[in-house]
Every structure is written in structure tokens, then in C-alpha cells.
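Trainee: What follows is the file structure.txt, containing compact mmCIF, C-alpha atoms:
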```txt
# COMPACT_ATOMS: atom_id res chain seq x y z
CA MET A 1 162.11 105.63 -154.46
CA GLU A 2 160.31 102.76 -156.16
CA ARG A 3 159.49 99.72 -154.06
CA SER A 4 160.01 96.21 -155.31
CA ASP A 5 157.18 93.71 -155.61
CA ARG A 6 158.70 91.81 -152.68
CA GLN A 7 158.60 94.91 -150.46
CA VAL A 8 154.97 95.56 -151.37
CA PHE A 9 154.10 91.92 -150.67
CA GLU A 10 155.84 92.02 -147.27
CA GLN A 11 154.06 95.25 -146.34
CA LEU A 12 150.67 93.76 -147.28
CA ARG A 13 151.49 90.53 -145.43
CA THR A 14 152.44 92.46 -142.30
CA GLN A 15 149.23 94.51 -142.49
CA LEU A 16 147.14 91.34 -142.87
CA LYS A 17 148.78 89.85 -139.78
CA ILE A 18 148.10 93.03 -137.81
CA ASP A 19 144.48 92.95 -139.01
CA TYR A 20 144.19 89.40 -137.60
CA LEU A 21 145.32 90.74 -134.23
CA LYS A 22 143.00 93.74 -134.26
CA ARG A 23 139.99 91.64 -135.29
CA GLY A 24 140.71 89.19 -132.51
CA ASP A 25 141.11 91.96 -129.96
CA GLU A 26 137.76 93.50 -131.00
CA SER A 27 136.01 90.13 -131.08
CA ILE A 28 136.86 89.08 -127.54
CA LYS A 29 134.59 91.85 -126.24
CA ASN A 30 131.58 90.92 -128.38
CA PHE A 31 130.83 87.23 -128.15
CA SER A 32 130.07 84.61 -125.54
CA SER A 33 130.39 81.62 -127.86
CA GLY A 34 131.55 80.97 -131.39
CA VAL A 35 133.79 78.92 -133.58
CA CYS A 36 137.27 77.91 -132.57
CA THR A 37 138.98 80.16 -135.12
CA MET A 38 137.31 83.25 -133.69
CA PHE A 39 138.30 82.18 -130.18
CA ALA A 40 141.88 81.64 -131.35
CA CYS A 41 141.94 85.05 -133.08
CA ALA A 42 140.52 86.63 -129.93
CA ALA A 43 143.36 85.04 -127.96
CA LEU A 44 145.85 86.42 -130.51
CA GLY A 45 144.39 89.89 -130.15
CA HIS A 46 144.53 89.61 -126.37
CA LEU A 47 148.19 88.56 -126.50
CA ALA A 48 149.02 91.45 -128.83
CA ARG A 49 147.27 93.92 -126.53
CA ASN A 50 148.86 92.28 -123.43
CA HIS A 51 152.20 91.22 -124.90
CA ASN A 52 153.82 91.52 -121.47
CA LEU A 53 152.14 88.18 -120.64
CA LEU A 54 154.65 86.53 -122.96
CA ASP A 55 158.34 85.98 -122.36
CA PRO A 56 160.61 88.17 -124.53
CA GLY A 57 161.41 86.34 -127.75
CA SER A 58 158.25 84.22 -127.66
CA VAL A 59 156.77 82.98 -130.92
CA VAL A 60 152.98 82.65 -131.18
CA GLU A 61 151.37 80.54 -133.89
CA LEU A 62 147.81 80.09 -135.08
CA PHE A 63 147.43 76.36 -135.78
CA LYS A 64 144.96 74.47 -137.92
CA TYR A 65 144.06 70.91 -136.96
CA GLU A 66 142.40 68.38 -139.26
CA GLY A 67 141.03 65.22 -137.67
CA ASP A 68 138.42 62.54 -138.21
CA GLN A 69 135.83 64.74 -136.49
CA GLY A 70 136.63 67.87 -138.49
CA GLY A 71 138.89 70.87 -138.16
CA HIS A 72 139.96 72.97 -135.21
CA ALA A 73 142.04 76.11 -134.56
CA PHE A 74 144.15 76.99 -131.53
CA ILE A 75 147.25 78.93 -130.49
CA VAL A 76 150.69 77.40 -129.86
CA VAL A 77 153.36 79.40 -128.01
CA ASN A 78 157.11 78.69 -128.11
CA ARG A 79 156.93 75.47 -130.09
CA ALA A 80 160.09 73.56 -130.90
CA GLY A 81 160.13 70.62 -133.29
CA THR A 82 157.76 70.11 -136.19
CA PRO A 83 154.05 70.94 -136.37
CA ASP A 84 153.00 67.34 -137.00
CA ASP A 85 154.97 65.84 -134.07
CA VAL A 86 153.30 67.04 -130.86
CA ASP A 87 155.89 65.17 -128.76
CA SER A 88 158.64 67.32 -130.30
CA TRP A 89 157.08 70.63 -129.24
CA GLY A 90 159.22 70.75 -126.07
CA PRO A 91 158.74 71.62 -122.40
CA GLN A 92 158.70 75.40 -123.03
CA CYS A 93 155.68 75.03 -125.33
CA TYR A 94 152.09 75.68 -124.29
CA VAL A 95 148.80 75.79 -126.14
CA ILE A 96 145.98 78.30 -125.73
CA ASP A 97 142.59 76.93 -126.69
CA PRO A 98 139.66 78.89 -125.19
CA TRP A 99 137.09 77.07 -127.35
CA TYR A 100 138.17 73.64 -126.08
CA ALA A 101 138.19 74.90 -122.48
CA ARG A 102 134.62 76.23 -122.79
CA HIS A 103 133.44 72.71 -123.58
CA ARG A 104 134.97 71.00 -120.55
CA ILE A 105 133.54 70.65 -117.04
CA THR A 106 136.59 70.15 -114.80
CA ALA A 107 140.22 71.25 -114.63
CA PRO A 108 142.62 70.89 -116.27
CA GLY A 109 140.19 70.76 -119.22
CA THR A 110 138.58 74.07 -118.26
CA ASN A 111 141.95 75.87 -118.37
CA ALA A 112 142.38 77.67 -121.69
CA VAL A 113 146.16 77.42 -121.33
CA LYS A 114 147.52 73.90 -121.71
CA ASP A 115 151.05 73.07 -120.61
CA MET A 116 152.69 70.43 -122.79
CA THR A 117 154.79 69.15 -119.86
CA ALA A 118 153.27 66.15 -118.09
CA GLY A 119 152.72 66.45 -114.34
CA THR A 120 152.06 70.19 -114.17
CA ALA A 121 148.76 71.72 -113.02
CA PHE A 122 148.00 72.95 -116.54
CA HIS A 123 148.83 69.70 -118.35
CA ASP A 124 145.76 68.03 -119.84
CA PRO A 125 146.45 64.48 -121.05
CA ALA A 126 143.06 64.32 -122.83
CA PHE A 127 143.88 67.51 -124.75
CA VAL A 128 147.33 66.21 -125.74
CA ALA A 129 145.66 63.00 -126.96
CA PHE A 130 143.21 65.17 -128.94
CA LEU A 131 146.14 67.00 -130.57
CA LYS A 132 147.89 63.74 -131.41
CA ASP A 133 144.70 62.32 -132.95
CA ALA A 134 144.84 64.81 -135.83
CA ASN A 135 145.38 63.70 -139.38
CA SER A 136 147.39 66.89 -139.82
CA ARG A 137 148.42 70.04 -137.96
CA ALA A 138 149.64 73.13 -139.80
CA VAL A 139 150.79 76.60 -138.81
CA GLN A 140 148.52 79.21 -140.40
CA VAL A 141 150.14 82.43 -139.13
CA THR A 142 153.26 83.08 -137.02
CA PHE A 143 153.81 86.12 -134.79
CA PRO A 144 157.22 86.79 -133.26
CA HIS A 145 156.93 88.60 -129.91
CA MET A 146 158.21 91.88 -131.39
CA GLN A 147 155.46 91.85 -134.01
CA LEU A 148 152.85 91.48 -131.26
CA ILE A 149 154.40 94.40 -129.38
CA GLN A 150 154.23 96.59 -132.50
CA ALA A 151 150.71 95.57 -133.53
CA PHE A 152 148.89 98.21 -131.47
CA SER A 153 151.61 100.82 -131.19
```
Kindly return the structure encoded in the file as C-alpha cells.

Mentor:
Amino acid sequence: MERSDRQVFEQLRTQLKIDYLKRGDESIKNFSSGVCTMFACAALGHLARNHNLLDPGSVVELFKYEGDQGGHAFIVVNRAGTPDDVDSWGPQCYVIDPWYARHRITAPGTNAVKDMTAGTAFHDPAFVAFLKDANSRAVQVTFPHMQLIQAFS
């Protein structure tokens, strides 16, 4: 049976996404510091390997941030709303940013997981301000929970 170009493209796209997860999973074991994208990919790999840490139906996104001080990468989980409106991301949303956390001295800054709901132990107003300061935020790659489950199976 001959496959269509669309089927081939989707297969290659799925393999590329899985390769992101595997690279991240391998990387987390091999570095003590590095760029934010590698930290974000390491977090993706960790979530794929430990998908039970996520609620069923979760959606995990690799985000790219562009601001006056340069670019940044981080993970957003269960975002509602639009990428460019941080206030629309909703109370179920949280951000994972190990690179940012490594550069802070006290909690909640030192927590890699950032709750977007004000008043919780993992909410970091300085981090939320950092996110809002961006000139743009864009989703680079999206992983539905089921895709993370299947990545290493």
C-alpha cells in the first residue's frame, strides 16, 4: 500500500518529536549547566520518561521567548488561552524552567516548577513578570500526554 506525502510527513514529524524527548532524557544525565533550550529539552525527556507525573490529558509545550535581553526556552503545561497573553493561561497552567531556577538564590525562584496561580507556594511573581516582559512568546513543539506515554514504549 502506497503512503501519501501527508502520511510520510506526519510519520517524520512524530519521529522528530520523539527524538526531542530522547535527546532531552539523555542530556539530563550529562550536564550540570547549559543553555535554556537544553534544560527545557531535558525536562521534556524527563516528563516523557516519567509521564505519570502529569495528569491524564495534559498538554506539554516547548515555548520560545523573545525579549529585550534575548531569547529563552521553557516548558508550559496545560495552558489555556493564547501564547502571547500570559494572563490567559489559566489556573491549571504551570511552567517548568530549570534554567531560570538554577540562577535564583531563594524560593520560589529556585523552584523549577512555577505555578501561574497567585498566592500558591510555587507562584513566582518575578518569573511571571519576566514572562510578560517578552516581545513575543511562541510554541515550538506540542506534546499531548499520550504522545509522551508512547515516546519510550

Trainee: Of the residues A:Met38, A:Ala118, A:Leu16, A:Val128, which is the one nearest to Pro91 (chain A), using only C-alpha atoms?

Mentor: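 Closest residue, counting only C-alpha atoms: A:Ala118.
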
Trainee: Can you tell me, as a list of chain:residue names, which residues sit within 6 Å of (146.0, 81.7, -134.5) in the file's frame, using only C-alpha atoms?

Mentor: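 Collected hits near the coordinates: A:Ala40, A:Cys41, A:Glu61, A:Leu62, A:Phe63, A:Phe74, A:Ile75.
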
Trainee: CA of Phe122 (chain A) to CA of Arg104 (chain A): how many Å, to one decimal?

Mentor: 13.8 Å

Trainee: If we count all atoms listed in the file and set the cut-off at 10 Å, which residues sit around region 66-70 of chain A, ignoring sequence neighbours fewer than 3 positions away in its own chain? Please answer as a ChimeraX atom specification.

Mentor: /A:73,130-138

Trainee: With distances taken over all atoms listed in the file, which of A:His145, A:Arg3, A:Gln140, A:Asp87 is nearest to Tyr65 (chain A)?

Mentor: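 Of A:His145, A:Arg3, A:Gln140, A:Asp87, the one nearest Tyr65 (chain A), counting all atoms listed in the file, is A:Gln140.
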
Trainee: Can you tell me how far CA of Asp55 (chain A) sits from CA of Thr110 (chain A), in Å to one decimal?

Mentor: 23.4 Å

Trainee: Leaving out Asn111 (chain A) and any residue of its chain fewer than 4 positions from it, which residues lie within 8 Å of it when counting only C-alpha atoms, given as a count of residues only?

Mentor: 4

Trainee: Report, in Å with one decimal, the straight-line distance from CA of Tyr94 (chain A) to CA of Asn78 (chain A).

Mentor: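 Between CA of Tyr94 (chain A) and CA of Asn78 (chain A) the gap is 7.0 Å.
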
Trainee: Smallest atom-to-atom distance to Thr106 (chain A): which of A:Ala43, A:Ala126, A:Val59, A:Leu54, using only C-alpha atoms?

Mentor: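 Of all the options, A:Ala126 lies closest to Thr106 (chain A).
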
Trainee: Which polymer residues, whether protein, DNA or RNA, lie within 12 Å of the coordinate (142.5, 91.7, -135.2) when you count all atoms listed in the file? List them as a ChimeraX atom specification, using the chain letters and numbers from the file.

Mentor: /A:15-29,38-49,148,151-152

Trainee: Rank A:His72, A:Arg79, A:Arg13, A:His123 by their smallest atom-to-atom distance to Pro108 (chain A), using only C-alpha atoms, and report the top residue only.

Mentor: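 Ranking A:His72, A:Arg79, A:Arg13, A:His123 by distance to Pro108 (chain A), first place goes to A:His123.
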
Trainee: Which of these, A:Val139, A:Asn50, A:Gln11, A:Met146, has the shortest distance to Thr82 (chain A) once you count all atoms listed in the file?

Mentor: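 Of A:Val139, A:Asn50, A:Gln11, A:Met146, the one nearest Thr82 (chain A), counting all atoms listed in the file, is A:Val139.
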
Trainee: Give the answer as one residue: which of A:Asp84, A:His103, A:Cys93, A:Leu53 has the shortest atom-to-atom distance to Val35 (chain A), using all atoms listed in the file?

Mentor: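 Result for the nearest residue to Val35 (chain A): A:His103.
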
Trainee: Can you save region 12-28 of chain A of the given block to a file, including all heavy atoms and formatted as a compact mmCIF listing (two decimals), in the first residue's frame?

Mentor:
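Saved the output as result.txt:
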```
# COMPACT_ATOMS: atom_id res chain seq x y z
N LEU A 12 7.39 11.38 9.86
CA LEU A 12 8.66 12.07 10.13
C LEU A 12 8.52 13.09 11.26
O LEU A 12 9.39 13.21 12.12
CB LEU A 12 9.18 12.75 8.86
CG LEU A 12 9.63 11.81 7.74
CD1 LEU A 12 9.91 12.59 6.47
CD2 LEU A 12 10.84 11.00 8.18
N ARG A 13 7.42 13.81 11.27
CA ARG A 13 7.17 14.79 12.33
C ARG A 13 7.08 14.11 13.69
O ARG A 13 7.66 14.58 14.67
CB ARG A 13 5.88 15.54 12.01
CG ARG A 13 5.54 16.61 12.99
CD ARG A 13 4.34 17.41 12.47
NE ARG A 13 3.96 18.36 13.47
CZ ARG A 13 2.76 18.43 13.99
NH1 ARG A 13 1.81 17.63 13.59
NH2 ARG A 13 2.49 19.31 14.92
N THR A 14 6.38 13.01 13.75
CA THR A 14 6.26 12.26 15.01
C THR A 14 7.62 11.75 15.46
O THR A 14 7.97 11.85 16.63
CB THR A 14 5.28 11.09 14.84
OG1 THR A 14 4.00 11.62 14.49
CG2 THR A 14 5.17 10.26 16.11
N GLN A 15 8.43 11.25 14.53
CA GLN A 15 9.76 10.76 14.88
C GLN A 15 10.65 11.89 15.39
O GLN A 15 11.40 11.72 16.35
CB GLN A 15 10.42 10.07 13.69
CG GLN A 15 11.74 9.43 14.05
CD GLN A 15 11.60 8.37 15.15
OE1 GLN A 15 10.75 7.50 15.07
NE2 GLN A 15 12.42 8.47 16.18
N LEU A 16 10.56 13.06 14.78
CA LEU A 16 11.34 14.21 15.23
C LEU A 16 10.95 14.60 16.66
O LEU A 16 11.82 14.89 17.49
CB LEU A 16 11.14 15.40 14.29
CG LEU A 16 11.86 16.69 14.67
CD1 LEU A 16 13.37 16.47 14.67
CD2 LEU A 16 11.49 17.80 13.70
N LYS A 17 9.66 14.59 16.94
CA LYS A 17 9.21 14.93 18.29
C LYS A 17 9.72 13.90 19.30
O LYS A 17 10.17 14.26 20.39
CB LYS A 17 7.68 15.01 18.32
CG LYS A 17 7.16 16.25 17.59
CD LYS A 17 5.66 16.23 17.39
CE LYS A 17 4.91 16.51 18.65
NZ LYS A 17 3.47 16.66 18.44
N ILE A 18 9.70 12.64 18.94
CA ILE A 18 10.21 11.60 19.83
C ILE A 18 11.72 11.77 20.02
O ILE A 18 12.23 11.61 21.14
CB ILE A 18 9.85 10.20 19.29
CG1 ILE A 18 8.34 9.98 19.41
CG2 ILE A 18 10.63 9.11 20.04
CD1 ILE A 18 7.83 8.77 18.69
N ASP A 19 12.43 12.15 18.96
CA ASP A 19 13.87 12.40 19.08
C ASP A 19 14.15 13.55 20.03
O ASP A 19 15.13 13.51 20.79
CB ASP A 19 14.49 12.68 17.71
CG ASP A 19 14.55 11.42 16.84
OD1 ASP A 19 14.39 10.31 17.38
OD2 ASP A 19 14.74 11.58 15.63
N TYR A 20 13.32 14.60 20.05
CA TYR A 20 13.45 15.68 21.03
C TYR A 20 13.40 15.10 22.44
O TYR A 20 14.21 15.43 23.31
CB TYR A 20 12.29 16.67 20.90
CG TYR A 20 12.55 17.91 20.11
CD1 TYR A 20 12.04 18.04 18.83
CD2 TYR A 20 13.27 18.97 20.65
CE1 TYR A 20 12.25 19.20 18.09
CE2 TYR A 20 13.47 20.13 19.92
CZ TYR A 20 12.96 20.23 18.66
OH TYR A 20 13.15 21.38 17.95
N LEU A 21 12.42 14.23 22.68
CA LEU A 21 12.25 13.65 24.01
C LEU A 21 13.44 12.78 24.40
O LEU A 21 13.94 12.87 25.53
CB LEU A 21 10.97 12.83 24.06
CG LEU A 21 9.68 13.60 23.84
CD1 LEU A 21 8.51 12.64 23.76
CD2 LEU A 21 9.47 14.63 24.92
N LYS A 22 13.89 11.95 23.49
CA LYS A 22 15.02 11.07 23.80
C LYS A 22 16.29 11.86 24.05
O LYS A 22 17.04 11.55 24.98
CB LYS A 22 15.22 10.06 22.67
CG LYS A 22 14.11 9.01 22.62
CD LYS A 22 14.32 8.02 21.50
CE LYS A 22 13.18 7.00 21.50
NZ LYS A 22 13.31 6.05 20.41
N ARG A 23 16.54 12.89 23.26
CA ARG A 23 17.73 13.72 23.45
C ARG A 23 17.68 14.41 24.81
O ARG A 23 18.68 14.48 25.52
CB ARG A 23 17.83 14.76 22.32
CG ARG A 23 18.94 15.73 22.50
CD ARG A 23 20.28 15.06 22.28
NE ARG A 23 21.30 16.07 22.33
CZ ARG A 23 22.41 15.97 23.04
NH1 ARG A 23 22.66 14.87 23.72
NH2 ARG A 23 23.27 16.93 23.06
N GLY A 24 16.53 14.91 25.16
CA GLY A 24 16.37 15.55 26.46
C GLY A 24 16.59 14.57 27.60
O GLY A 24 17.26 14.89 28.58
N ASP A 25 16.03 13.38 27.46
CA ASP A 25 16.20 12.37 28.51
C ASP A 25 17.66 11.98 28.68
O ASP A 25 18.15 11.82 29.79
CB ASP A 25 15.36 11.13 28.17
CG ASP A 25 15.42 10.09 29.26
OD1 ASP A 25 15.02 10.38 30.40
OD2 ASP A 25 15.90 8.98 28.96
N GLU A 26 18.40 11.85 27.57
CA GLU A 26 19.83 11.53 27.64
C GLU A 26 20.64 12.69 28.22
O GLU A 26 21.56 12.50 29.00
CB GLU A 26 20.37 11.20 26.25
CG GLU A 26 19.83 9.93 25.66
CD GLU A 26 20.12 9.82 24.16
OE1 GLU A 26 20.88 10.65 23.62
OE2 GLU A 26 19.56 8.90 23.55
N SER A 27 20.26 13.90 27.86
CA SER A 27 21.01 15.08 28.26
C SER A 27 20.96 15.35 29.76
O SER A 27 21.92 15.84 30.34
CB SER A 27 20.50 16.31 27.52
OG SER A 27 20.72 16.17 26.15
N ILE A 28 19.84 15.06 30.39
CA ILE A 28 19.69 15.40 31.80
C ILE A 28 20.74 14.69 32.66
O ILE A 28 21.12 15.17 33.71
CB ILE A 28 18.25 15.11 32.30
CG1 ILE A 28 17.98 15.90 33.58
CG2 ILE A 28 18.04 13.61 32.50
CD1 ILE A 28 16.52 15.91 33.96
```
